[in-house]
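Have a look at coords.cif; it's mmCIF, C-alpha atoms and all ligand atoms:
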data_entry
loop_
_atom_site.label_atom_id
_atom_site.label_comp_id
_atom_site.auth_asym_id
_atom_site.auth_seq_id
_atom_site.Cartn_x
_atom_site.Cartn_y
_atom_site.Cartn_z
CA MET A 230 143.23 113.83 98.72
CA ARG A 231 140.30 114.29 96.39
CA ARG A 232 140.92 110.90 94.82
CA THR A 233 141.02 109.17 98.16
CA LEU A 234 137.75 110.79 99.08
CA LEU A 235 136.21 109.75 95.78
CA ALA A 236 137.47 106.19 96.18
CA LEU A 237 136.06 106.11 99.68
CA LEU A 238 132.74 107.40 98.50
CA ILE A 239 132.50 104.86 95.69
CA GLY A 240 133.58 102.17 98.09
CA SER A 241 130.94 103.01 100.66
CA THR A 242 128.21 103.28 98.01
CA LEU A 243 129.15 99.82 96.77
CA MET A 244 129.12 98.49 100.31
CA LEU A 245 125.69 99.95 100.87
CA ARG A 246 124.47 98.33 97.67
CA ILE A 247 125.94 95.02 98.70
CA THR A 248 124.50 95.17 102.22
CA VAL A 249 121.06 96.07 100.92
CA ALA A 250 121.20 93.41 98.20
CA GLN A 251 122.12 90.78 100.78
CA THR A 252 119.34 91.54 103.18
CA VAL A 253 116.47 92.88 101.09
CA ASP A 254 114.29 90.41 99.28
CA THR A 255 112.38 92.69 96.93
CA ALA A 256 109.49 90.25 96.67
CA LYS A 257 108.75 90.74 100.35
CA GLY A 258 106.87 93.56 102.00
CA LEU A 259 106.55 94.91 105.53
CA LYS A 260 103.86 92.35 106.31
CA ASP A 261 106.25 89.49 105.49
CA TYR A 262 109.16 90.81 107.51
CA TYR A 263 106.79 91.31 110.45
CA LYS A 264 104.78 88.12 110.08
CA LYS A 265 105.97 86.74 113.42
CA TYR A 266 105.42 90.05 115.17
CA PHE A 267 102.18 91.88 114.31
CA SER A 268 100.00 92.78 111.37
CA MET A 269 101.10 95.78 109.33
CA GLY A 270 98.28 98.05 108.30
CA VAL A 271 97.56 101.26 106.46
CA ALA A 272 94.74 103.84 106.39
CA VAL A 273 93.14 104.16 102.98
CA ALA A 274 90.45 105.88 100.93
CA PRO A 275 88.66 104.27 97.96
CA ARG A 276 90.80 106.26 95.50
CA HIS A 277 93.87 104.28 96.63
CA LEU A 278 92.40 100.93 95.66
CA ALA A 279 93.47 100.93 92.01
CA GLY A 280 96.76 101.40 90.14
CA PRO A 281 100.21 101.72 91.73
CA GLN A 282 98.92 102.53 95.23
CA ALA A 283 96.79 99.38 95.25
CA ASN A 284 99.84 97.34 94.21
CA LEU A 285 101.86 98.87 97.01
CA ILE A 286 99.12 98.11 99.54
CA ILE A 287 98.87 94.48 98.44
CA LYS A 288 102.61 93.95 98.55
CA GLN A 289 103.35 95.70 101.81
CA PHE A 290 100.36 95.48 104.15
CA SER A 291 98.13 92.89 105.78
CA SER A 292 95.45 95.16 107.27
CA LEU A 293 93.40 98.19 106.22
CA THR A 294 91.74 100.99 108.16
CA PRO A 295 89.30 103.25 106.31
CA GLU A 296 90.73 106.75 106.74
CA ASN A 297 87.29 108.42 106.73
CA ALA A 298 84.71 106.11 105.14
CA MET A 299 83.35 104.59 108.36
CA LYS A 300 83.27 107.71 110.47
CA MET A 301 79.80 108.71 111.54
CA GLY A 302 79.54 111.79 109.29
CA PRO A 303 80.44 110.08 106.01
CA ILE A 304 78.63 106.79 106.69
CA HIS A 305 75.47 108.09 108.42
CA PRO A 306 74.92 111.64 107.11
CA ARG A 307 71.17 111.80 107.91
CA GLU A 308 69.01 109.95 110.38
CA ASN A 309 67.63 107.43 107.93
CA THR A 310 70.44 107.49 105.38
CA TYR A 311 73.50 105.31 105.42
CA ASN A 312 76.11 105.80 102.75
CA TRP A 313 77.79 102.42 102.34
CA ARG A 314 79.57 102.89 99.03
CA ASP A 315 83.07 103.89 100.21
CA ALA A 316 83.16 101.60 103.23
CA ASP A 317 81.94 98.67 101.12
CA SER A 318 84.61 99.24 98.50
CA ILE A 319 87.35 99.11 101.13
CA VAL A 320 85.95 95.98 102.79
CA ASN A 321 85.48 94.29 99.39
CA PHE A 322 89.07 95.10 98.38
CA ALA A 323 90.31 93.66 101.68
CA GLN A 324 88.27 90.47 101.22
CA LYS A 325 89.51 90.04 97.68
CA HIS A 326 93.17 90.39 98.66
CA GLY A 327 93.08 88.62 102.02
CA LEU A 328 93.63 91.69 104.19
CA LYS A 329 92.18 92.26 107.65
CA VAL A 330 90.11 95.36 108.39
CA ARG A 331 90.04 97.60 111.48
CA GLY A 332 86.79 99.55 111.76
CA HIS A 333 87.29 103.25 112.55
CA ASN A 334 85.34 104.59 114.42
CA LEU A 335 81.97 104.37 116.20
CA CYS A 336 81.88 107.27 118.64
CA TRP A 337 83.92 110.48 118.36
CA HIS A 338 83.45 114.21 119.00
CA GLU A 339 84.62 115.08 115.46
CA GLN A 340 83.12 114.21 112.07
CA THR A 341 79.80 113.47 113.75
CA PRO A 342 76.88 114.88 111.76
CA ASN A 343 74.92 117.76 113.31
CA TRP A 344 71.61 115.94 113.14
CA PHE A 345 72.89 113.37 115.61
CA PHE A 346 72.51 115.68 118.61
CA LYS A 347 69.32 117.48 117.58
CA ASP A 348 65.62 116.80 117.19
CA SER A 349 63.53 117.89 114.18
CA THR A 350 63.01 121.36 115.66
CA GLY A 351 66.76 121.86 116.15
CA LYS A 352 66.62 121.38 119.93
CA GLN A 353 69.31 119.33 121.68
CA ILE A 354 68.10 115.79 122.37
CA THR A 355 67.98 114.00 125.72
CA LYS A 356 70.45 111.42 126.97
CA GLU A 357 67.92 108.68 126.37
CA VAL A 358 67.44 109.62 122.72
CA LEU A 359 71.15 110.09 122.11
CA LEU A 360 71.98 106.67 123.52
CA LYS A 361 69.23 105.09 121.41
CA ARG A 362 70.73 106.73 118.30
CA LEU A 363 74.21 105.54 119.27
CA HIS A 364 72.87 102.02 119.81
CA ASP A 365 71.17 101.93 116.42
CA HIS A 366 74.19 103.37 114.65
CA ILE A 367 76.58 100.85 116.21
CA PHE A 368 74.29 97.89 115.51
CA THR A 369 73.62 98.87 111.91
CA VAL A 370 77.26 99.51 111.00
CA MET A 371 78.74 96.55 112.87
CA ASN A 372 76.12 94.14 111.57
CA ARG A 373 76.84 95.02 107.98
CA TYR A 374 80.50 94.07 108.33
CA LYS A 375 80.22 91.26 110.87
CA GLY A 376 82.88 88.64 110.22
CA LYS A 377 84.76 90.97 107.88
CA ILE A 378 86.01 93.49 110.43
CA TYR A 379 87.99 91.97 113.27
CA ALA A 380 88.51 95.07 115.42
CA TRP A 381 86.75 98.38 116.05
CA ASP A 382 87.83 101.71 117.45
CA VAL A 383 84.71 102.11 119.56
CA VAL A 384 85.46 105.37 121.34
CA ASN A 385 87.96 107.84 119.93
CA GLU A 386 89.67 110.66 121.85
CA ALA A 387 87.43 111.05 124.91
CA ILE A 388 90.21 112.53 127.08
CA ASP A 389 90.48 116.33 127.15
CA ASP A 390 93.47 118.18 125.67
CA ASN A 391 93.85 120.25 128.84
CA PRO A 392 95.82 118.20 131.41
CA ALA A 393 93.80 119.84 134.20
CA ASN A 394 90.62 118.14 132.98
CA PHE A 395 89.70 114.49 132.66
CA LEU A 396 87.11 113.88 129.94
CA ARG A 397 86.63 116.16 126.95
CA ASN A 398 83.64 118.46 127.25
CA SER A 399 82.11 117.19 123.99
CA LEU A 400 78.38 117.07 123.21
CA TRP A 401 78.54 113.37 124.02
CA TYR A 402 79.80 114.23 127.47
CA GLN A 403 77.48 117.20 127.97
CA ILE A 404 74.41 115.13 127.18
CA CYS A 405 75.37 111.71 128.62
CA GLY A 406 78.22 112.22 131.08
CA GLU A 407 80.67 109.31 131.20
CA ASP A 408 77.92 106.86 130.29
CA PHE A 409 78.36 107.34 126.57
CA ILE A 410 81.71 105.55 126.78
CA VAL A 411 80.37 102.62 128.78
CA LYS A 412 77.32 102.27 126.54
CA ALA A 413 79.30 102.48 123.31
CA PHE A 414 81.43 99.50 124.39
CA GLU A 415 78.43 97.53 125.64
CA TYR A 416 76.48 98.06 122.41
CA ALA A 417 79.51 97.15 120.30
CA HIS A 418 80.10 93.96 122.23
CA GLU A 419 76.47 93.00 121.91
CA ALA A 420 76.45 93.75 118.18
CA ASP A 421 79.53 91.60 117.46
CA PRO A 422 80.80 89.57 120.43
CA LYS A 423 83.82 88.42 118.41
CA ALA A 424 85.13 91.89 117.56
CA VAL A 425 88.15 93.23 119.45
CA LEU A 426 87.06 96.55 120.94
CA PHE A 427 89.46 99.49 121.24
CA TYR A 428 89.70 102.77 123.03
CA ASN A 429 91.83 104.96 120.71
CA ASP A 430 93.63 108.25 121.48
CA TYR A 431 96.64 110.47 120.67
CA ASN A 432 99.61 111.74 122.69
CA THR A 433 99.12 108.67 124.86
CA GLU A 434 102.86 108.52 125.62
CA ARG A 435 102.93 111.95 127.26
CA PRO A 436 103.09 110.99 130.93
CA GLU A 437 100.21 113.24 132.03
CA LYS A 438 97.91 112.10 129.23
CA MET A 439 98.91 108.47 129.72
CA GLU A 440 97.80 108.72 133.36
CA ARG A 441 94.40 110.07 132.36
CA VAL A 442 93.88 107.42 129.67
CA TYR A 443 94.96 104.80 132.22
CA LYS A 444 92.46 106.17 134.75
CA LEU A 445 89.65 105.84 132.22
CA LEU A 446 90.64 102.35 131.11
CA LYS A 447 91.08 101.11 134.66
CA LYS A 448 87.64 102.40 135.56
CA LEU A 449 86.15 100.58 132.56
CA ARG A 450 88.01 97.34 133.28
CA ASP A 451 87.05 97.44 136.96
CA ALA A 452 83.41 97.88 135.95
CA LYS A 453 83.75 94.90 133.54
CA VAL A 454 83.01 97.06 130.52
CA PRO A 455 84.01 95.10 127.38
CA VAL A 456 87.08 97.05 126.32
CA HIS A 457 89.80 94.73 125.05
CA ALA A 458 92.57 96.89 123.70
CA VAL A 459 93.98 100.37 123.47
CA GLY A 460 95.00 102.15 120.29
CA LEU A 461 98.01 104.44 120.50
CA GLN A 462 97.36 106.66 117.50
CA ALA A 463 101.08 107.40 117.28
CA HIS A 464 100.97 110.68 115.42
CA TRP A 465 104.57 111.04 116.53
CA SER A 466 107.39 113.42 115.60
CA LEU A 467 111.18 113.62 115.70
CA GLU A 468 110.83 115.00 119.23
CA GLU A 469 108.49 112.50 120.84
CA PRO A 470 107.82 110.06 122.31
CA SER A 471 111.10 109.16 123.98
CA ALA A 472 112.03 105.48 124.14
CA THR A 473 111.25 105.45 127.85
CA GLU A 474 107.86 107.10 127.40
CA LEU A 475 106.89 104.57 124.75
CA ARG A 476 107.99 101.58 126.85
CA ASN A 477 106.25 102.93 129.96
CA THR A 478 103.02 103.45 128.05
CA ILE A 479 102.93 99.97 126.57
CA GLU A 480 103.70 98.40 129.95
CA LYS A 481 101.18 100.49 131.81
CA PHE A 482 98.29 99.58 129.50
CA ALA A 483 99.38 95.96 129.28
CA SER A 484 99.22 95.81 133.09
CA LEU A 485 95.44 96.19 132.76
CA GLY A 486 95.32 93.03 130.63
CA LEU A 487 94.76 95.06 127.46
CA LYS A 488 96.32 94.43 124.08
CA VAL A 489 97.93 97.41 122.37
CA GLN A 490 97.94 98.50 118.75
CA ILE A 491 99.69 101.38 117.07
CA THR A 492 96.72 102.61 115.05
CA GLU A 493 97.69 105.78 113.14
CA LEU A 494 101.46 105.85 112.86
CA ASP A 495 103.36 108.67 111.20
CA ILE A 496 106.54 110.46 112.26
CA SER A 497 106.16 114.14 111.44
CA ILE A 498 109.31 116.12 110.67
CA TYR A 499 107.75 119.02 112.63
CA PRO A 500 106.87 119.15 116.33
CA TRP A 501 103.27 118.45 117.33
CA GLU A 502 101.59 121.85 117.58
CA LYS A 503 97.87 121.48 117.19
CA GLU A 504 97.11 125.19 117.34
CA ARG A 505 99.79 126.37 114.90
CA ARG A 506 98.59 127.75 111.57
CA ALA A 507 101.75 129.56 110.35
CA LEU A 508 105.26 128.33 109.51
CA ARG A 509 107.61 128.34 112.50
CA PRO A 510 110.43 130.94 112.46
CA GLY A 511 113.09 129.85 109.94
CA GLU A 512 111.00 126.92 108.71
CA LYS A 513 110.86 126.33 104.95
CA GLY A 514 108.95 123.09 104.84
CA GLU A 515 111.93 121.21 103.38
CA TYR A 516 112.87 117.60 104.00
CA THR A 517 116.55 118.26 104.72
CA PRO A 518 119.15 115.44 105.02
CA GLU A 519 119.38 116.26 108.72
CA LEU A 520 115.64 115.81 109.25
CA GLU A 521 115.74 112.63 107.17
CA GLN A 522 118.53 111.18 109.35
CA ARG A 523 116.65 112.01 112.53
CA GLN A 524 113.52 110.40 111.14
CA ILE A 525 115.42 107.23 110.20
CA ALA A 526 116.75 107.03 113.76
CA LYS A 527 113.29 107.56 115.25
CA TYR A 528 111.70 104.89 113.05
CA LYS A 529 114.45 102.46 114.07
CA GLU A 530 113.99 103.28 117.74
CA VAL A 531 110.22 102.83 117.81
CA PHE A 532 110.24 99.62 115.76
CA ASP A 533 112.98 98.12 117.96
CA ILE A 534 110.74 98.79 120.94
CA MET A 535 107.54 97.54 119.30
CA ARG A 536 109.18 94.26 118.32
CA ALA A 537 110.34 93.79 121.90
CA TYR A 538 106.68 93.98 123.00
CA LYS A 539 105.29 91.62 120.39
CA LYS A 540 103.33 89.71 123.04
CA VAL A 541 101.27 92.81 123.73
CA ILE A 542 101.28 94.62 120.40
CA THR A 543 98.96 92.98 117.89
CA GLY A 544 99.07 95.47 115.03
CA VAL A 545 100.80 98.52 113.64
CA THR A 546 98.92 100.73 111.17
CA PHE A 547 100.35 103.68 109.25
CA TRP A 548 98.15 106.72 108.73
CA ASN A 549 98.33 107.02 104.92
CA ILE A 550 100.40 105.13 102.39
CA SER A 551 103.22 107.41 101.27
CA ASP A 552 104.56 110.97 101.39
CA GLN A 553 102.65 111.59 98.16
CA TYR A 554 99.62 112.26 100.32
CA THR A 555 99.48 112.65 104.08
CA TRP A 556 96.89 114.47 106.20
CA LEU A 557 99.88 116.33 107.71
CA ASP A 558 100.42 118.20 104.41
CA GLU A 559 97.54 120.42 105.37
CA TYR A 560 97.47 120.15 109.10
CA PRO A 561 98.03 122.04 111.27
CA VAL A 562 99.83 124.45 108.91
CA ARG A 563 97.93 124.91 105.63
CA GLY A 564 99.99 123.93 102.59
CA ARG A 565 103.13 122.91 104.52
CA LYS A 566 104.45 119.64 103.09
CA ASN A 567 105.33 116.86 105.49
CA TYR A 568 107.25 113.60 104.91
CA PRO A 569 106.14 111.34 107.75
CA LEU A 570 105.84 107.87 106.15
CA LEU A 571 108.04 105.00 104.92
CA PHE A 572 107.35 105.49 101.18
CA ASP A 573 108.32 108.64 99.29
CA THR A 574 106.33 110.88 96.95
CA ASN A 575 107.00 108.36 94.12
CA LEU A 576 105.82 105.44 96.26
CA GLN A 577 109.39 104.15 96.62
CA PRO A 578 110.69 102.83 99.96
CA LYS A 579 112.67 105.48 101.88
CA LYS A 580 115.87 104.79 103.80
CA ALA A 581 113.79 104.54 106.95
CA TYR A 582 111.95 101.60 105.36
CA TYR A 583 115.18 99.59 105.15
CA GLU A 584 115.91 100.46 108.75
CA VAL A 585 112.51 99.07 109.75
CA ILE A 586 112.89 95.76 107.87
CA ASN A 587 116.57 95.13 108.66
CA PHE A 588 116.57 93.53 112.06
CA LYS A 589 117.81 90.28 113.54
CA LYS A 590 114.95 87.82 113.21
C1 LIG A 601 92.54 111.37 114.44
C2 LIG A 601 91.47 110.39 113.99
C3 LIG A 601 91.73 109.90 112.59
C4 LIG A 601 92.14 111.02 111.67
C5 LIG A 601 93.31 111.76 112.24
C6 LIG A 601 93.74 112.84 111.31
O1 LIG A 601 93.69 110.80 114.82
O2 LIG A 601 91.36 109.28 114.82
O3 LIG A 601 90.58 109.31 112.11
O4 LIG A 601 91.05 111.89 111.48
O5 LIG A 601 92.90 112.31 113.47
O6 LIG A 601 93.65 112.50 109.99
#
Let me see whether you can do it: turn the structure in this file into structure tokens.
Amino acid sequence: MRRTLLALLIGSTLMLRITVAQTVDTAKGLKDYYKKYFSMGVAVAPRHLAGPQANLIIKQFSSLTPENAMKMGPIHPRENTYNWRDADSIVNFAQKHGLKVRGHNLCWHEQTPNWFFKDSTGKQITKEVLLKRLHDHIFTVMNRYKGKIYAWDVVNEAIDDNPANFLRNSLWYQICGEDFIVKAFEYAHEADPKAVLFYNDYNTERPEKMERVYKLLKKLRDAKVPVHAVGLQAHWSLEEPSATELRNTIEKFASLGLKVQITELDISIYPWEKERRALRPGEKGEYTPELEQRQIAKYKEVFDIMRAYKKVITGVTFWNISDQYTWLDEYPVRGRKNYPLLFDTNLQPKKAYYEVINFKK
């Protein structure tokens, strides 16, 4: 009995080896397998652009998104100070290695420096002044990278978390009303008419949020505001989205004539709970074989769907390179390790990676 089991085990391991050897060309990366589908991107910081992580990026990806370097806080910390160093290093790396760049982002309620909303006496500024600052920020940043950045997340996360509300009650909204969204797109289009302009948000596959994002985008399209595409951030988990929710979302946004990109993909092994700060009951923060299997299945499911919509989907970007470092290690539960990506803590492809590249061409 034992022997039979052992023989079976050896046999199946050999089979696995043979199958993998037949179908995996180790010289190829994600970007090559997906060449006829969409660009494959990754969010990076300057520290990733040397050594083994840089090699992995060059082999696997065809597009970069700066994880933080182009956000308003880091790039424009004071009114007359722009800090170009990190953003430049990412754009230069991309140019050198023939990668595309997505700019991220121009207008958001987070990581915006305090000075942006205040005058020199600390008083909140008027709508007119705020829009002038937004205009100057967008023109300065987009001009610097004109021709080197093909797409921009212009407005990030303007929809409120509470399903009962429409737009988020951010300072942008309090000072400008809905106009800040319209203006941000108009300025961006004027600054670089060739750039593809995105509205980017999370939980876009949840039916109630999808409807609110749709309402906003329809309003903008009807008013001829230059918004060209929608970014599904895709901070997904083993629980969501369902296949149907994902398909419905892509179709709904495509019906407005918009392109779709998956802009911040990771598949958390924990449910999405933004307010949680403590471990869940019974949770040890371990990547168990059961969680791994479920993650493999989820990756397969979402990539099968994304390939089926290749006419609409123009890019898929992962949020971080490997499980060695992911923003989800610290968020929302401090210190809880997560394993949401296709490369492991040693930068090696995980089983889910093979699931993603093994498909009928
Ligand atoms: C949002 C933002 C990203 C990033 C992630 C978390 O999705 O768009 O820039 O900050 O949160 O890392």
Go through A:Pro500, A:Pro518, A:Pro303, A:Pro455 one by one, measure the shortest atom-to-atom distance of each to ligand LIG 601 (chain A) using all atoms listed in the file, and give the residue with the smallest value.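 Under the stated criterion, the closest residue is A:Pro303.
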7 Å shell around ligand LIG 601 (chain A) using all atoms listed in the file, listed as a list in words: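 Using all atoms listed in the file, I find these residues within 7 Å of ligand LIG 601 (chain A): Glu296, Asn297, His333, Asn385, Tyr431, Gln462, Glu493 and Trp556 of chain A.
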Taking (87.2, 96.7, 132.0) in the file's coordinates, which residues come within 12 Å, counting all atoms listed in the file, written as a PyMOL selection string? chain A and resi 410-411+414-415+426-428+443-459+482+485-487
Restrict the selected residues to C-alpha atoms and save them as a compact mmCIF listing (two decimals), in the coordinates of the input.
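This went into again_37.txt:
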# COMPACT_ATOMS: atom_id res chain seq x y z
CA ILE A 410 81.71 105.55 126.78
CA VAL A 411 80.37 102.62 128.78
CA PHE A 414 81.43 99.50 124.39
CA GLU A 415 78.43 97.53 125.64
CA LEU A 426 87.06 96.55 120.94
CA PHE A 427 89.46 99.49 121.24
CA TYR A 428 89.70 102.77 123.03
CA TYR A 443 94.96 104.80 132.22
CA LYS A 444 92.46 106.17 134.75
CA LEU A 445 89.65 105.84 132.22
CA LEU A 446 90.64 102.35 131.11
CA LYS A 447 91.08 101.11 134.66
CA LYS A 448 87.64 102.40 135.56
CA LEU A 449 86.15 100.58 132.56
CA ARG A 450 88.01 97.34 133.28
CA ASP A 451 87.05 97.44 136.96
CA ALA A 452 83.41 97.88 135.95
CA LYS A 453 83.75 94.90 133.54
CA VAL A 454 83.01 97.06 130.52
CA PRO A 455 84.01 95.10 127.38
CA VAL A 456 87.08 97.05 126.32
CA HIS A 457 89.80 94.73 125.05
CA ALA A 458 92.57 96.89 123.70
CA VAL A 459 93.98 100.37 123.47
CA PHE A 482 98.29 99.58 129.50
CA LEU A 485 95.44 96.19 132.76
CA GLY A 486 95.32 93.03 130.63
CA LEU A 487 94.76 95.06 127.46
Shell of 7 Å around Gly302 of chain A, all atoms listed in the file, local chain residues under 4 positions omitted, as a PyMOL selection string: chain A and resi 306+340-342
Write out as a tab-separated table (two decimals) with C-alpha atoms, in the coordinates of the input which residues come within 6 Å of segment 567-578 of chain A when counting all atoms listed in the file, dropping same-chain ones fewer than 3 positions away.
chain	number	residue	atom	x	y	z
A	495	ASP	CA	103.36	108.67	111.20
A	496	ILE	CA	106.54	110.46	112.26
A	497	SER	CA	106.16	114.14	111.44
A	551	SER	CA	103.22	107.41	101.27
A	552	ASP	CA	104.56	110.97	101.39
A	553	GLN	CA	102.65	111.59	98.16
A	557	LEU	CA	99.88	116.33	107.71
A	558	ASP	CA	100.42	118.20	104.41
A	582	TYR	CA	111.95	101.60	105.36
Between atom CA of Met535 of chain A and atom CA of Ser484 of chain A, what is the spacing in Å?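 Interatomic distance, atom CA of Ser484 of chain A to atom CA of Met535 of chain A: 16.2 Å.
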Could you check the closest approach to Asn587 of chain A for each of A:Trp501, A:Phe532, A:Tyr560, A:Phe267 and tell me which residue wins, using only C-alpha atoms?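 Nearest candidate to Asn587 of chain A out of A:Trp501, A:Phe532, A:Tyr560, A:Phe267: A:Phe532.
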Compare A:Asn284, A:Asn477, A:Ser471, A:Gln289 by their minimum atom-to-atom distance to Ile586 of chain A, counting all atoms listed in the file, and give me the closest one. A:Gln289
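With all atoms listed in the file as the atoms that count, the minimum distance from Ala417 of chain A to the choices A:Asn398, A:Thr350, A:Thr355, A:Asn334 is reached by A:Asn334.
If you look at atom CA of Trp401 of chain A and atom CA of Phe547 of chain A, they are 28.1 Å away from each other.
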Suppose you want the space between atom CA of Val489 of chain A and atom CA of Gln282 of chain A; what is it in Å?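 Distance between the two atoms: 27.6 Å.
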Measuring atom to atom with all atoms listed in the file, identify which of A:Ser318, A:Asp254, A:Leu278, A:Gly514 is nearest to Gly564 of chain A.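 Nearest to Gly564 of chain A: A:Gly514.
Minimum distance to Lys377 of chain A across A:Tyr516, A:Phe322, A:Trp465, A:Tyr554 (counting all atoms listed in the file) occurs at A:Phe322.
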Select, counting all atoms listed in the file, all protein, DNA and RNA residues no farther than 12 Å from (75.5, 100.4, 116.3) in file coordinates, and express the selection as a PyMOL selection string. chain A and resi 299+301+304-305+334-336+360-375+381+383+412-421
Write out as a list in words each polymer residue whose atoms come within 10 Å of Ile404 of chain A, counting only C-alpha atoms; drop sequence neighbours fewer than 2 positions from it.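 In the requested format, the answer is Phe346, Gln353, Ile354, Thr355, Lys356, Glu357, Val358, Leu359, Leu360, Asn398, Ser399, Leu400, Trp401, Tyr402, Gly406, Glu407, Asp408 and Phe409 of chain A.
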For Lys260 of chain A: contacts at 9 Å, all atoms listed in the file, fewer than 3 positions along chain excluded, given as a tab-separated table (two decimals) with C-alpha atoms, in the coordinates of the input:
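Everything below was put into part.tsv:
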chain	number	residue	atom	x	y	z
A	257	LYS	CA	108.75	90.74	100.35
A	263	TYR	CA	106.79	91.31	110.45
A	264	LYS	CA	104.78	88.12	110.08
A	267	PHE	CA	102.18	91.88	114.31
A	268	SER	CA	100.00	92.78	111.37
A	269	MET	CA	101.10	95.78	109.33
A	270	GLY	CA	98.28	98.05	108.30
A	288	LYS	CA	102.61	93.95	98.55
A	289	GLN	CA	103.35	95.70	101.81
A	290	PHE	CA	100.36	95.48	104.15
A	291	SER	CA	98.13	92.89	105.78
A	292	SER	CA	95.45	95.16	107.27
Determine, counting only C-alpha atoms, which protein, DNA and RNA residues have an atom within 7 Å of an atom of segment 432-434 of chain A; residues of the same chain fewer than 2 positions away are not included. Present the result as a PDB file with C-alpha atoms, in the frame of the given file.
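As written to disk, around.pdb reads:
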ATOM      1  CA  ASP A 430      93.630 108.250 121.480  1.00  0.00           C
ATOM      2  CA  PRO A 436     103.090 110.990 130.930  1.00  0.00           C
ATOM      3  CA  LYS A 438      97.910 112.100 129.230  1.00  0.00           C
ATOM      4  CA  MET A 439      98.910 108.470 129.720  1.00  0.00           C
ATOM      5  CA  LEU A 461      98.010 104.440 120.500  1.00  0.00           C
ATOM      6  CA  PRO A 470     107.820 110.060 122.310  1.00  0.00           C
ATOM      7  CA  GLU A 474     107.860 107.100 127.400  1.00  0.00           C
ATOM      8  CA  LEU A 475     106.890 104.570 124.750  1.00  0.00           C
ATOM      9  CA  THR A 478     103.020 103.450 128.050  1.00  0.00           C
TER      10      THR A 478
END
